[in-house]
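K.L.:
Input file: target05.txt. Contents: compact mmCIF, C-alpha atoms and all ligand atoms.
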# COMPACT_ATOMS: atom_id res chain seq x y z
CA MET A 1 20.23 -50.12 43.93
CA SER A 2 23.01 -47.55 43.61
CA SER A 3 22.09 -43.87 44.10
CA LYS A 4 25.18 -42.71 42.26
CA VAL A 5 24.90 -40.55 39.14
CA LYS A 6 25.28 -42.75 36.05
CA VAL A 7 27.85 -41.61 33.56
CA ALA A 8 28.55 -42.54 29.92
CA ILE A 9 31.70 -41.64 27.99
CA ILE A 10 31.77 -41.23 24.19
CA GLY A 11 35.36 -41.46 22.96
CA SER A 12 36.24 -43.67 25.92
CA THR A 13 39.10 -45.30 24.01
CA GLY A 14 41.01 -42.01 23.65
CA TYR A 15 43.31 -40.33 26.16
CA GLY A 16 40.66 -37.92 27.42
CA GLY A 17 38.12 -40.74 27.75
CA VAL A 18 40.42 -43.10 29.56
CA GLU A 19 41.41 -40.31 31.96
CA LEU A 20 37.71 -39.81 32.72
CA ILE A 21 37.48 -43.53 33.51
CA ARG A 22 40.49 -43.27 35.87
CA LEU A 23 39.22 -40.21 37.74
CA LEU A 24 35.58 -41.34 37.96
CA ALA A 25 36.68 -44.69 39.45
CA SER A 26 37.18 -42.87 42.76
CA HIS A 27 34.30 -40.38 42.54
CA PRO A 28 32.08 -40.91 45.60
CA GLN A 29 28.80 -39.98 43.87
CA ALA A 30 29.22 -41.01 40.22
CA GLU A 31 29.83 -44.28 38.41
CA VAL A 32 30.65 -45.05 34.80
CA THR A 33 27.85 -47.23 33.40
CA SER A 34 28.68 -47.09 29.69
CA VAL A 35 31.95 -46.79 27.82
CA ILE A 36 31.34 -46.03 24.17
CA SER A 37 33.31 -46.52 20.98
CA SER A 38 32.50 -45.72 17.38
CA SER A 39 35.03 -48.23 16.05
CA SER A 40 35.28 -51.09 18.59
CA ALA A 41 31.74 -51.66 19.94
CA GLY A 42 31.44 -55.14 21.44
CA ALA A 43 35.12 -55.39 22.41
CA PRO A 44 36.26 -55.27 26.06
CA ILE A 45 37.78 -51.87 26.91
CA ALA A 46 40.71 -53.60 28.64
CA GLU A 47 41.71 -55.05 25.26
CA GLY A 48 43.07 -51.67 24.19
CA TYR A 49 44.01 -50.62 27.73
CA PRO A 50 45.38 -53.63 29.66
CA HIS A 51 45.98 -51.42 32.72
CA LEU A 52 42.17 -51.52 33.17
CA THR A 53 42.11 -55.35 33.35
CA GLU A 54 39.79 -56.43 36.19
CA ILE A 55 39.01 -52.77 36.89
CA ARG A 56 36.59 -52.42 33.95
CA THR A 57 35.23 -55.62 32.49
CA ASP A 58 32.59 -53.90 30.30
CA LEU A 59 32.24 -54.31 26.59
CA LEU A 60 32.26 -51.08 24.60
CA ASP A 61 28.82 -49.75 23.60
CA ASP A 62 27.82 -48.22 20.28
CA VAL A 63 27.18 -44.45 19.87
CA ASP A 64 23.37 -44.65 20.23
CA PRO A 65 21.59 -41.82 22.12
CA ALA A 66 18.64 -44.05 23.18
CA LEU A 67 20.99 -46.77 24.47
CA ILE A 68 23.08 -44.13 26.29
CA LYS A 69 19.96 -42.66 27.92
CA SER A 70 18.87 -46.13 29.05
CA LYS A 71 22.16 -46.50 30.92
CA ALA A 72 23.18 -43.00 32.01
CA ASP A 73 22.13 -39.54 33.24
CA VAL A 74 25.25 -37.67 32.17
CA VAL A 75 27.38 -38.11 29.05
CA PHE A 76 30.90 -36.86 28.43
CA ILE A 77 32.00 -36.42 24.81
CA ALA A 78 35.76 -36.81 24.28
CA THR A 79 35.96 -37.04 20.49
CA PRO A 80 37.88 -35.16 17.78
CA ALA A 81 36.56 -31.78 16.59
CA GLY A 82 33.48 -32.06 14.39
CA VAL A 83 31.94 -35.13 16.08
CA ALA A 84 30.15 -33.48 19.05
CA ALA A 85 28.62 -30.83 16.77
CA LYS A 86 26.52 -33.61 15.20
CA LEU A 87 25.88 -35.70 18.35
CA VAL A 88 24.88 -33.08 20.92
CA PRO A 89 21.32 -32.29 19.66
CA SER A 90 20.18 -35.92 19.91
CA LEU A 91 21.86 -36.41 23.31
CA LEU A 92 20.17 -33.31 24.78
CA GLU A 93 16.85 -34.29 23.23
CA ALA A 94 17.19 -37.74 24.85
CA GLY A 95 17.27 -35.92 28.22
CA LEU A 96 20.96 -36.35 29.03
CA LYS A 97 23.21 -33.80 30.68
CA VAL A 98 26.13 -33.27 28.29
CA ILE A 99 29.73 -32.17 28.82
CA ASP A 100 31.71 -31.76 25.60
CA ILE A 101 35.50 -31.83 25.95
CA SER A 102 36.14 -31.00 22.29
CA GLY A 103 36.28 -27.51 20.79
CA ASP A 104 32.93 -27.75 18.96
CA PHE A 105 30.88 -25.46 21.22
CA ARG A 106 33.48 -23.13 22.75
CA LEU A 107 33.42 -20.38 20.12
CA LYS A 108 30.19 -18.38 20.07
CA SER A 109 30.67 -17.39 16.41
CA ARG A 110 30.14 -20.09 13.78
CA ASP A 111 32.34 -18.11 11.37
CA GLN A 112 35.21 -18.10 13.86
CA TYR A 113 34.87 -21.88 14.37
CA GLU A 114 34.88 -22.54 10.64
CA LYS A 115 37.87 -20.23 10.12
CA TRP A 116 40.06 -21.79 12.84
CA TYR A 117 38.88 -25.44 12.91
CA LYS A 118 38.27 -25.73 9.14
CA LYS A 119 35.10 -27.72 9.80
CA GLU A 120 31.38 -27.05 9.60
CA ALA A 121 30.19 -25.39 12.81
CA ALA A 122 27.41 -26.71 15.05
CA ASP A 123 23.84 -25.37 14.99
CA GLN A 124 23.82 -21.86 16.52
CA ARG A 125 21.00 -22.79 18.96
CA TYR A 126 23.21 -25.36 20.66
CA ILE A 127 26.26 -23.07 20.59
CA ASP A 128 24.12 -20.48 22.38
CA GLN A 129 22.97 -23.05 24.92
CA ALA A 130 26.49 -24.26 25.78
CA VAL A 131 27.99 -22.71 28.93
CA PHE A 132 31.77 -22.27 28.72
CA GLY A 133 33.00 -24.28 31.70
CA LEU A 134 36.07 -22.44 32.92
CA ALA A 135 34.98 -23.44 36.40
CA GLU A 136 36.88 -20.87 38.52
CA VAL A 137 35.56 -17.99 36.39
CA TYR A 138 32.14 -19.05 35.08
CA GLY A 139 31.28 -21.70 37.71
CA GLU A 140 28.12 -19.91 38.85
CA ALA A 141 26.76 -20.02 35.28
CA VAL A 142 27.49 -23.78 35.12
CA ARG A 143 25.42 -24.65 38.22
CA GLY A 144 22.33 -26.65 37.26
CA VAL A 145 22.66 -26.38 33.45
CA ASP A 146 22.30 -29.31 31.03
CA PHE A 147 25.09 -28.54 28.59
CA VAL A 148 28.68 -27.45 29.21
CA SER A 149 31.49 -26.89 26.75
CA ASN A 150 34.76 -27.69 28.52
CA PRO A 151 37.60 -25.24 27.79
CA GLY A 152 40.67 -26.25 25.80
CA CYS A 153 43.82 -27.32 27.61
CA PHE A 154 45.98 -24.32 26.60
CA PRO A 155 43.14 -21.82 27.23
CA THR A 156 42.62 -23.25 30.73
CA ALA A 157 46.23 -22.67 31.81
CA THR A 158 46.44 -19.35 29.97
CA LEU A 159 43.13 -17.81 31.02
CA LEU A 160 43.49 -18.76 34.69
CA GLY A 161 46.90 -17.06 34.55
CA LEU A 162 45.64 -13.84 32.92
CA ILE A 163 42.05 -13.15 33.97
CA PRO A 164 42.57 -11.60 37.44
CA ALA A 165 45.20 -9.17 36.08
CA VAL A 166 43.08 -8.20 33.06
CA LYS A 167 39.93 -7.80 35.15
CA ALA A 168 41.69 -5.59 37.73
CA GLY A 169 43.46 -3.49 35.06
CA PHE A 170 46.89 -4.57 36.36
CA ILE A 171 48.11 -5.23 32.79
CA ASP A 172 47.51 -3.70 29.37
CA PRO A 173 45.60 -6.44 27.44
CA SER A 174 46.88 -5.16 24.08
CA THR A 175 50.45 -6.16 25.06
CA ILE A 176 49.85 -9.80 26.02
CA ILE A 177 52.16 -12.45 24.51
CA ILE A 178 51.62 -16.12 25.37
CA ASP A 179 54.32 -18.74 25.02
CA ALA A 180 52.83 -22.19 25.68
CA LYS A 181 54.28 -25.71 25.82
CA SER A 182 52.52 -29.07 25.92
CA GLY A 183 53.36 -32.69 26.53
CA VAL A 184 52.55 -35.04 23.66
CA SER A 185 49.42 -36.62 25.20
CA GLY A 186 47.76 -33.30 24.30
CA ALA A 187 47.71 -34.56 20.71
CA GLY A 188 45.63 -37.65 21.59
CA ARG A 189 46.41 -41.37 21.19
CA GLY A 190 46.47 -41.55 17.42
CA ALA A 191 49.92 -41.94 15.90
CA SER A 192 51.25 -39.19 13.63
CA LEU A 193 54.55 -38.23 12.05
CA GLY A 194 54.96 -35.22 14.32
CA THR A 195 54.49 -37.20 17.52
CA HIS A 196 56.32 -40.47 17.01
CA TYR A 197 59.35 -41.19 19.19
CA SER A 198 62.27 -40.35 16.94
CA GLU A 199 60.63 -37.10 15.80
CA LEU A 200 59.90 -36.01 19.36
CA ASN A 201 62.66 -37.39 21.57
CA GLU A 202 65.46 -34.86 22.27
CA ASN A 203 63.49 -32.35 20.22
CA PHE A 204 61.53 -29.19 21.06
CA LYS A 205 59.42 -27.61 18.37
CA ALA A 206 56.99 -24.76 17.83
CA TYR A 207 53.82 -25.54 15.86
CA LYS A 208 50.65 -23.89 14.47
CA ILE A 209 52.27 -20.44 14.94
CA ASN A 210 49.53 -17.78 14.62
CA LYS A 211 47.18 -20.53 13.40
CA HIS A 212 46.29 -22.39 16.60
CA GLN A 213 42.56 -23.06 17.16
CA HIS A 214 42.90 -21.92 20.79
CA ILE A 215 43.71 -18.32 19.77
CA PRO A 216 40.05 -17.30 19.21
CA GLU A 217 38.98 -19.12 22.41
CA ILE A 218 41.51 -17.16 24.50
CA GLU A 219 40.62 -13.88 22.77
CA GLN A 220 36.86 -14.47 23.17
CA VAL A 221 37.22 -14.79 26.96
CA LEU A 222 39.76 -11.97 27.40
CA THR A 223 37.49 -9.70 25.35
CA ASP A 224 34.59 -10.58 27.66
CA ILE A 225 36.69 -9.91 30.79
CA ALA A 226 38.36 -6.70 29.50
CA GLY A 227 35.13 -5.28 28.01
CA GLU A 228 37.07 -4.33 24.87
CA PRO A 229 38.43 -6.33 21.91
CA VAL A 230 41.62 -8.21 22.83
CA VAL A 231 44.00 -9.86 20.36
CA THR A 232 47.07 -11.82 21.44
CA THR A 233 50.17 -13.49 20.11
CA PHE A 234 50.04 -17.17 21.09
CA THR A 235 52.69 -19.76 20.22
CA THR A 236 52.52 -23.45 21.11
CA HIS A 237 55.47 -25.83 21.51
CA LEU A 238 55.64 -29.60 21.75
CA VAL A 239 57.86 -30.88 24.58
CA PRO A 240 59.18 -34.46 24.79
CA MET A 241 57.19 -35.36 27.91
CA THR A 242 53.88 -37.18 28.28
CA ARG A 243 51.71 -34.84 30.37
CA GLY A 244 51.74 -31.19 31.29
CA ILE A 245 51.21 -27.69 29.97
CA MET A 246 53.17 -24.58 30.85
CA SER A 247 51.87 -21.24 29.66
CA THR A 248 54.32 -18.37 30.10
CA MET A 249 52.70 -14.98 29.59
CA TYR A 250 54.19 -11.50 29.22
CA ALA A 251 52.39 -8.15 29.44
CA LYS A 252 53.03 -4.48 30.19
CA VAL A 253 52.11 -3.56 33.77
CA ASN A 254 49.82 -0.54 34.28
CA GLY A 255 51.43 1.78 36.82
CA MET A 256 53.73 0.50 39.56
CA LYS A 257 52.92 -3.01 40.80
CA SER A 258 55.05 -5.41 42.83
CA ASN A 259 55.14 -9.20 42.90
CA GLU A 260 53.25 -8.96 46.19
CA ASP A 261 50.51 -6.87 44.51
CA PHE A 262 50.01 -9.63 41.91
CA ILE A 263 50.14 -12.39 44.52
CA SER A 264 47.54 -10.76 46.75
CA LEU A 265 45.27 -9.89 43.77
CA TYR A 266 45.29 -13.50 42.54
CA ARG A 267 44.86 -14.98 46.04
CA SER A 268 41.86 -12.79 46.56
CA TYR A 269 40.35 -13.57 43.09
CA TYR A 270 40.69 -17.33 43.62
CA GLU A 271 39.77 -17.33 47.31
CA GLY A 272 37.68 -20.41 48.13
CA ARG A 273 38.58 -22.13 44.83
CA SER A 274 40.56 -25.23 45.76
CA PHE A 275 42.24 -25.93 42.44
CA VAL A 276 44.18 -22.71 41.78
CA ARG A 277 47.32 -22.30 43.87
CA ILE A 278 49.25 -19.04 43.85
CA ARG A 279 52.97 -19.40 44.48
CA PRO A 280 54.92 -17.23 46.91
CA GLU A 281 57.45 -14.80 45.43
CA GLY A 282 60.34 -16.48 43.60
CA ILE A 283 58.83 -20.01 43.61
CA TRP A 284 57.74 -20.59 40.00
CA PRO A 285 55.69 -23.66 39.17
CA SER A 286 56.77 -26.62 37.04
CA THR A 287 54.57 -29.18 35.27
CA LYS A 288 55.65 -32.05 37.51
CA GLU A 289 54.25 -30.18 40.51
CA VAL A 290 50.69 -30.62 39.15
CA TRP A 291 51.15 -34.00 37.41
CA GLY A 292 48.05 -36.22 37.64
CA SER A 293 46.14 -33.56 39.62
CA ASN A 294 43.40 -30.98 38.97
CA TYR A 295 45.56 -28.09 40.16
CA CYS A 296 46.59 -25.01 38.22
CA ASP A 297 49.68 -23.42 39.84
CA ILE A 298 50.58 -19.81 39.02
CA GLY A 299 53.71 -17.70 39.75
CA PHE A 300 54.77 -14.14 38.90
CA SER A 301 57.80 -11.98 38.30
CA VAL A 302 57.42 -8.22 37.80
CA ASP A 303 60.43 -6.71 36.03
CA GLU A 304 60.85 -3.08 37.05
CA ARG A 305 63.48 -2.65 34.33
CA THR A 306 61.10 -3.40 31.42
CA GLY A 307 57.80 -2.59 33.12
CA ARG A 308 56.52 -6.06 32.21
CA VAL A 309 55.24 -8.98 34.26
CA THR A 310 55.97 -12.63 33.48
CA ILE A 311 53.20 -15.00 34.59
CA VAL A 312 53.83 -18.78 34.64
CA SER A 313 50.81 -21.11 34.78
CA VAL A 314 50.95 -24.93 34.76
CA ILE A 315 48.35 -27.70 34.55
CA ASP A 316 48.13 -31.39 33.70
CA ASN A 317 46.55 -31.24 30.21
CA LEU A 318 44.56 -34.45 30.75
CA VAL A 319 43.25 -33.48 34.21
CA LYS A 320 42.64 -29.73 34.69
CA GLY A 321 42.97 -29.34 30.90
CA ALA A 322 40.34 -32.01 30.10
CA ALA A 323 38.86 -34.82 32.26
CA GLY A 324 39.36 -33.22 35.70
CA GLN A 325 37.80 -29.89 34.77
CA ALA A 326 34.99 -31.79 32.99
CA ILE A 327 34.22 -33.66 36.24
CA GLN A 328 34.43 -30.36 38.16
CA ASN A 329 31.79 -29.06 35.73
CA MET A 330 29.67 -32.21 36.17
CA ASN A 331 29.76 -31.63 39.94
CA LEU A 332 28.59 -28.04 39.45
CA MET A 333 25.85 -29.07 36.97
CA LEU A 334 24.53 -31.58 39.51
CA GLY A 335 24.71 -29.19 42.48
CA LEU A 336 27.52 -31.17 44.14
CA ASP A 337 30.70 -29.87 45.78
CA GLU A 338 32.95 -29.04 42.79
CA THR A 339 35.95 -30.85 44.34
CA LEU A 340 34.25 -34.27 44.64
CA GLY A 341 36.43 -37.03 43.21
CA LEU A 342 39.20 -34.59 42.32
CA GLN A 343 41.25 -34.14 45.47
CA PHE A 344 44.38 -35.82 44.15
CA VAL A 345 47.81 -34.87 45.40
CA PRO A 346 50.10 -34.54 42.33
CA ALA A 347 52.28 -37.63 41.67
CA TYR A 348 55.90 -36.63 42.30
CA PRO A 349 58.58 -37.05 41.03
N1 LIG A 401 44.45 -34.80 24.99
C1 LIG A 401 44.28 -33.67 25.65
O1 LIG A 401 45.14 -33.28 26.47
C2 LIG A 401 43.05 -32.85 25.45
C3 LIG A 401 42.12 -33.15 24.50
N2 LIG A 401 41.02 -32.32 24.32
C4 LIG A 401 40.04 -32.60 23.31
O2 LIG A 401 39.32 -33.77 23.71
C5 LIG A 401 38.95 -34.52 22.56
C6 LIG A 401 39.50 -35.93 22.71
O3 LIG A 401 40.91 -35.85 22.77
P1 LIG A 401 41.83 -37.12 23.02
O4 LIG A 401 41.17 -38.05 23.97
O5 LIG A 401 43.17 -36.62 23.30
O6 LIG A 401 41.81 -37.78 21.56
P2 LIG A 401 42.10 -39.28 21.13
O7 LIG A 401 42.46 -39.21 19.70
O8 LIG A 401 43.04 -39.93 22.08
O9 LIG A 401 40.68 -39.99 21.28
C7 LIG A 401 39.55 -39.58 20.59
C8 LIG A 401 38.55 -40.73 20.56
O10 LIG A 401 37.39 -40.31 19.85
C9 LIG A 401 36.76 -41.45 19.26
N3 LIG A 401 36.19 -41.08 17.97
C10 LIG A 401 36.84 -40.75 16.84
N4 LIG A 401 35.96 -40.47 15.86
C11 LIG A 401 34.73 -40.64 16.38
C12 LIG A 401 33.41 -40.53 15.87
N5 LIG A 401 33.19 -40.16 14.60
N6 LIG A 401 32.37 -40.77 16.70
C13 LIG A 401 32.57 -41.13 17.97
N7 LIG A 401 33.80 -41.27 18.52
C14 LIG A 401 34.86 -41.03 17.72
C15 LIG A 401 37.87 -42.48 19.07
O11 LIG A 401 37.47 -43.67 19.70
P3 LIG A 401 36.61 -44.83 18.96
O12 LIG A 401 37.27 -45.06 17.63
O13 LIG A 401 36.77 -45.95 19.90
O14 LIG A 401 35.23 -44.28 18.86
C16 LIG A 401 39.07 -41.94 19.84
O15 LIG A 401 39.60 -42.89 20.76
C17 LIG A 401 39.50 -33.77 21.34
O16 LIG A 401 38.50 -32.94 20.82
C18 LIG A 401 40.63 -32.94 21.96
O17 LIG A 401 40.88 -31.80 21.20
C19 LIG A 401 40.80 -31.24 25.14
C20 LIG A 401 41.68 -30.93 26.12
C21 LIG A 401 42.90 -31.69 26.33
C1 LIG A 402 50.07 -31.23 21.86
C2 LIG A 402 48.89 -30.93 20.97
O1 LIG A 402 48.89 -31.23 19.79
N1 LIG A 402 47.84 -30.35 21.54
C3 LIG A 402 46.66 -30.04 20.82
C4 LIG A 402 45.61 -29.64 21.80
C5 LIG A 402 44.30 -30.13 21.29
C6 LIG A 402 43.17 -29.69 22.12
O2 LIG A 402 42.99 -30.09 23.22
O3 LIG A 402 42.45 -28.78 21.54
P1 LIG A 402 40.91 -28.79 21.13
O4 LIG A 402 40.16 -29.46 22.21
O5 LIG A 402 40.60 -27.37 21.02
O6 LIG A 402 40.84 -29.49 19.82
C7 LIG A 402 46.88 -28.89 19.82
O7 LIG A 402 47.78 -28.09 20.04
O8 LIG A 402 46.08 -28.78 18.88
Can the structure in the file be given as structure tokens, please?
Ligand SMILES: NC(=O)C1=CN([C@@H]2O[C@H](COP(=O)(O)OP(=O)(O)OC[C@H]3O[C@@H](n4cnc5c(N)ncnc54)[C@H](OP(=O)(O)O)[C@@H]3O)[C@@H](O)[C@H]2O)C=CC1
Ligand SMILES: CC(=O)N[C@@H](CCC(=O)OP(=O)(O)O)C(=O)O
P.N.:
Amino acid sequence: MSSKVKVAIIGSTGYGGVELIRLLASHPQAEVTSVISSSSAGAPIAEGYPHLTEIRTDLLDDVDPALIKSKADVVFIATPAGVAAKLVPSLLEAGLKVIDISGDFRLKSRDQYEKWYKKEAADQRYIDQAVFGLAEVYGEAVRGVDFVSNPGCFPTATLLGLIPAVKAGFIDPSTIIIDAKSGVSGAGRGASLGTHYSELNENFKAYKINKHQHIPEIEQVLTDIAGEPVVTTFTTHLVPMTRGIMSTMYAKVNGMKSNEDFISLYRSYYEGRSFVRIRPEGIWPSTKEVWGSNYCDIGFSVDERTGRVTIVSVIDNLVKGAAGQAIQNMNLMLGLDETLGLQFVPAYP
């Protein structure tokens, strides 16, 4: 009998779910024992994803907490906003460990969730129970818990790029501006007008300006780190590429700081954390340099002329921004080494 941790995936037919299947296939201590679909139960998963032919021969299971518990110890939820809010109570009550990749449990205020997501918020008891799984920052709080809310893709790149500077008082948090870009897989597999080929190819567009649901998530964490209310300007752009997020951040520097000061601050903050790589001076990261990996790469440029710093942070939205960080959190919840199953070298070019 296998001693591996048994894992179920709700939303396994979406991009986040299928990335979990890919990454968990080489995890040394976990195995996927149930792939779940609300719309295609009974069908083979390889029907919708022929690249999984002969890798996964399972038929999709229904969304049934008792059935999931009979097959698994841990369940990942990779469904659109609003679904996990209703599912999580029964999954926790069935005795499962739960990692939610959607935004349903990230915001601690129900009012904020309802304002930004335009959906009914989850029960406050479960919101309170959820630990926000930004692993490099709150990893100690994740160890051993039953329920983790995985951060959003843009907040992951953005917060890893800002937190050390905010915490050390290197920048003035009231001056932060965030300019973020995402590949189209960030919008999920479903087809839409804004993401079909002729709308996207050779195009570059801003969207959800001042209305993006990740604004309150970023502000909630920066407020916690700064110890004072922080508001930011955050603009997202859609780039005609499949994977990758780049978050470019600007802020006023407090006092005189050099590139080297930022580099050594960040190297010290992330010391011992394998997945954040700080670039040497003048070598700024690009999305291809983290493609398919769980890395977040960060570079800096202090401009003495303006007194501002530019911080560039890149991730793969489906790995560090979703499935990879979720597995990192699973490792921490289970008391395993957080890097297990995640030591991929980025695919290049
Ligand atoms: N794509 C990305 O880069 C990132 C996504 N996220 C978040 O992760 C979640 C999943 O995203 P993504 O995989 O891209 O989305 P997709 O649209 O690709 O997939 C979502 C899946 O959810 C399932 N689903 C839909 N409705 C229900 C329901 N009522 N009950 C159960 N399952 C349902 C669908 O599968 P079926 O019909 O088979 O049940 C669908 O395949 C979202 O909340 C997203 O915001 C977070 C970070 C990054
Ligand atoms: C390119 C693109 O459309 N990206 C999505 C990211 C969705 C996501 O991951 O956000 P939640 O998990 O918070 O829903 C967006 O900007 O809304």
K.L.:
Compute the set of protein, DNA and RNA residues whose minimum atom distance to ligand LIG 402 (chain A) is at most 10 Å, using only C-alpha atoms and all ligand atoms, and state it as a VMD selection string.
P.N.:
chain A and resid 16 78 to 82 100 to 106 116 to 117 150 to 155 180 to 188 194 to 195 207 to 208 211 to 215 217 235 to 239 242 to 245 317 to 318 321 to 322
K.L.:
Ranking A:Ser109, A:Ser149, A:Ser192, A:Ser3 by minimum distance to A:Met333 and counting only C-alpha atoms, which one comes first?
P.N.:
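That would be A:Ser149, the residue with the smallest distance to A:Met333.
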K.L.:
Quick one: pull the distance between atom CA of A:Asp123 and atom CA of A:Arg110, Å, one decimal.
P.N.:
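Distance reported for this atom pair: 8.3 Å.
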K.L.:
With distances taken over all atoms listed in the file, which residue among A:Cys296, A:Val148, A:Val319, A:Ile21 lies nearest ligand LIG 401 (chain A)?
P.N.:
A:Val319
K.L.:
List the neighbours of A:Val74 out to 6 Å using only C-alpha atoms; skip same-chain residues closer than 3 positions along the sequence, and give me the result as a VMD selection string.
P.N.:
chain A and resid 7 96 to 98
K.L.:
Of the candidates A:Gly14, A:Gly169, A:Pro216, A:Pro280, which shows the shortest atom-to-atom distance to A:Asp111, using all atoms listed in the file?
P.N.:
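Under the stated criterion, the closest residue is A:Pro216.
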K.L.:
May I ask for the distance between atom CA of A:Ala30 and atom CA of A:Val75, given in Å to one decimal place?
P.N.:
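Separation between atom CA of A:Ala30 and atom CA of A:Val75: 11.7 Å.
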K.L.:
Atom CA of A:Gly161 to atom CA of A:Ser313: how many Å, to one decimal?
P.N.:
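Atom-to-atom, atom CA of A:Gly161 and atom CA of A:Ser313 are spaced 5.6 Å apart.
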K.L.:
Put the listed atoms of ligand LIG 401 (chain A) in a box along x, y and z with 3 Å added on every side and give me the centre and edge lengths in Å to one decimal, as JSON.
P.N.:
{"center_x": 38.8, "center_y": -38.4, "center_z": 20.5, "size_x": 18.8, "size_y": 21.0, "size_z": 17.9}
K.L.:
If we count all atoms listed in the file, what is near A:Gly292 at a cut-off of 7 Å, once residues fewer than 2 positions away on the same chain are taken out, given as number ranges by chain?
P.N.:
A: 290, 316, 319, 346-347
K.L.:
If we count all atoms listed in the file and set the cut-off at 10 Å, which residues sit around A:Tyr126, ignoring sequence neighbours fewer than 3 positions away in its own chain? Please answer as a PyMOL selection string.
P.N.:
chain A and resi 85+88-89+92+105+108+122-123+129-131+147
K.L.:
Select, from A:Thr53, A:Thr223, A:Ser12, A:Ser286, the residue with the minimum atom-to-atom distance to ligand LIG 401 (chain A), counting only C-alpha atoms and all ligand atoms.
P.N.:
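Residue with the minimum atom-to-atom distance to ligand LIG 401 (chain A): A:Ser12.
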K.L.:
I'd like the neighbourhood of stretch 61-69 of chain A as an MDAnalysis selection string, where a residue qualifies if any of its atoms comes within 9 Å (using only C-alpha atoms), though same-chain residues fewer than 4 positions away should be ignored.
P.N.:
chainID A and resid 8 10 34:43 73:75 87 90:91 93:96
K.L.:
Quick one: write out the picked residues with C-alpha atoms as a compact mmCIF listing (two decimals), keeping the file's coordinate frame?
P.N.:
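The new file out29.txt reads:
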# COMPACT_ATOMS: atom_id res chain seq x y z
CA ALA A 8 28.55 -42.54 29.92
CA ILE A 10 31.77 -41.23 24.19
CA SER A 34 28.68 -47.09 29.69
CA VAL A 35 31.95 -46.79 27.82
CA ILE A 36 31.34 -46.03 24.17
CA SER A 37 33.31 -46.52 20.98
CA SER A 38 32.50 -45.72 17.38
CA SER A 39 35.03 -48.23 16.05
CA SER A 40 35.28 -51.09 18.59
CA ALA A 41 31.74 -51.66 19.94
CA GLY A 42 31.44 -55.14 21.44
CA ALA A 43 35.12 -55.39 22.41
CA ASP A 73 22.13 -39.54 33.24
CA VAL A 74 25.25 -37.67 32.17
CA VAL A 75 27.38 -38.11 29.05
CA LEU A 87 25.88 -35.70 18.35
CA SER A 90 20.18 -35.92 19.91
CA LEU A 91 21.86 -36.41 23.31
CA GLU A 93 16.85 -34.29 23.23
CA ALA A 94 17.19 -37.74 24.85
CA GLY A 95 17.27 -35.92 28.22
CA LEU A 96 20.96 -36.35 29.03
K.L.:
Find the spatial neighbours of A:Leu222, counting all atoms listed in the file, within a cut-off of 9 Å - ignore same-chain residues fewer than 3 positions away - and output them as an MDAnalysis selection string.
P.N.:
chainID A and resid 159 162:163 166:167 173 217:219 225:231
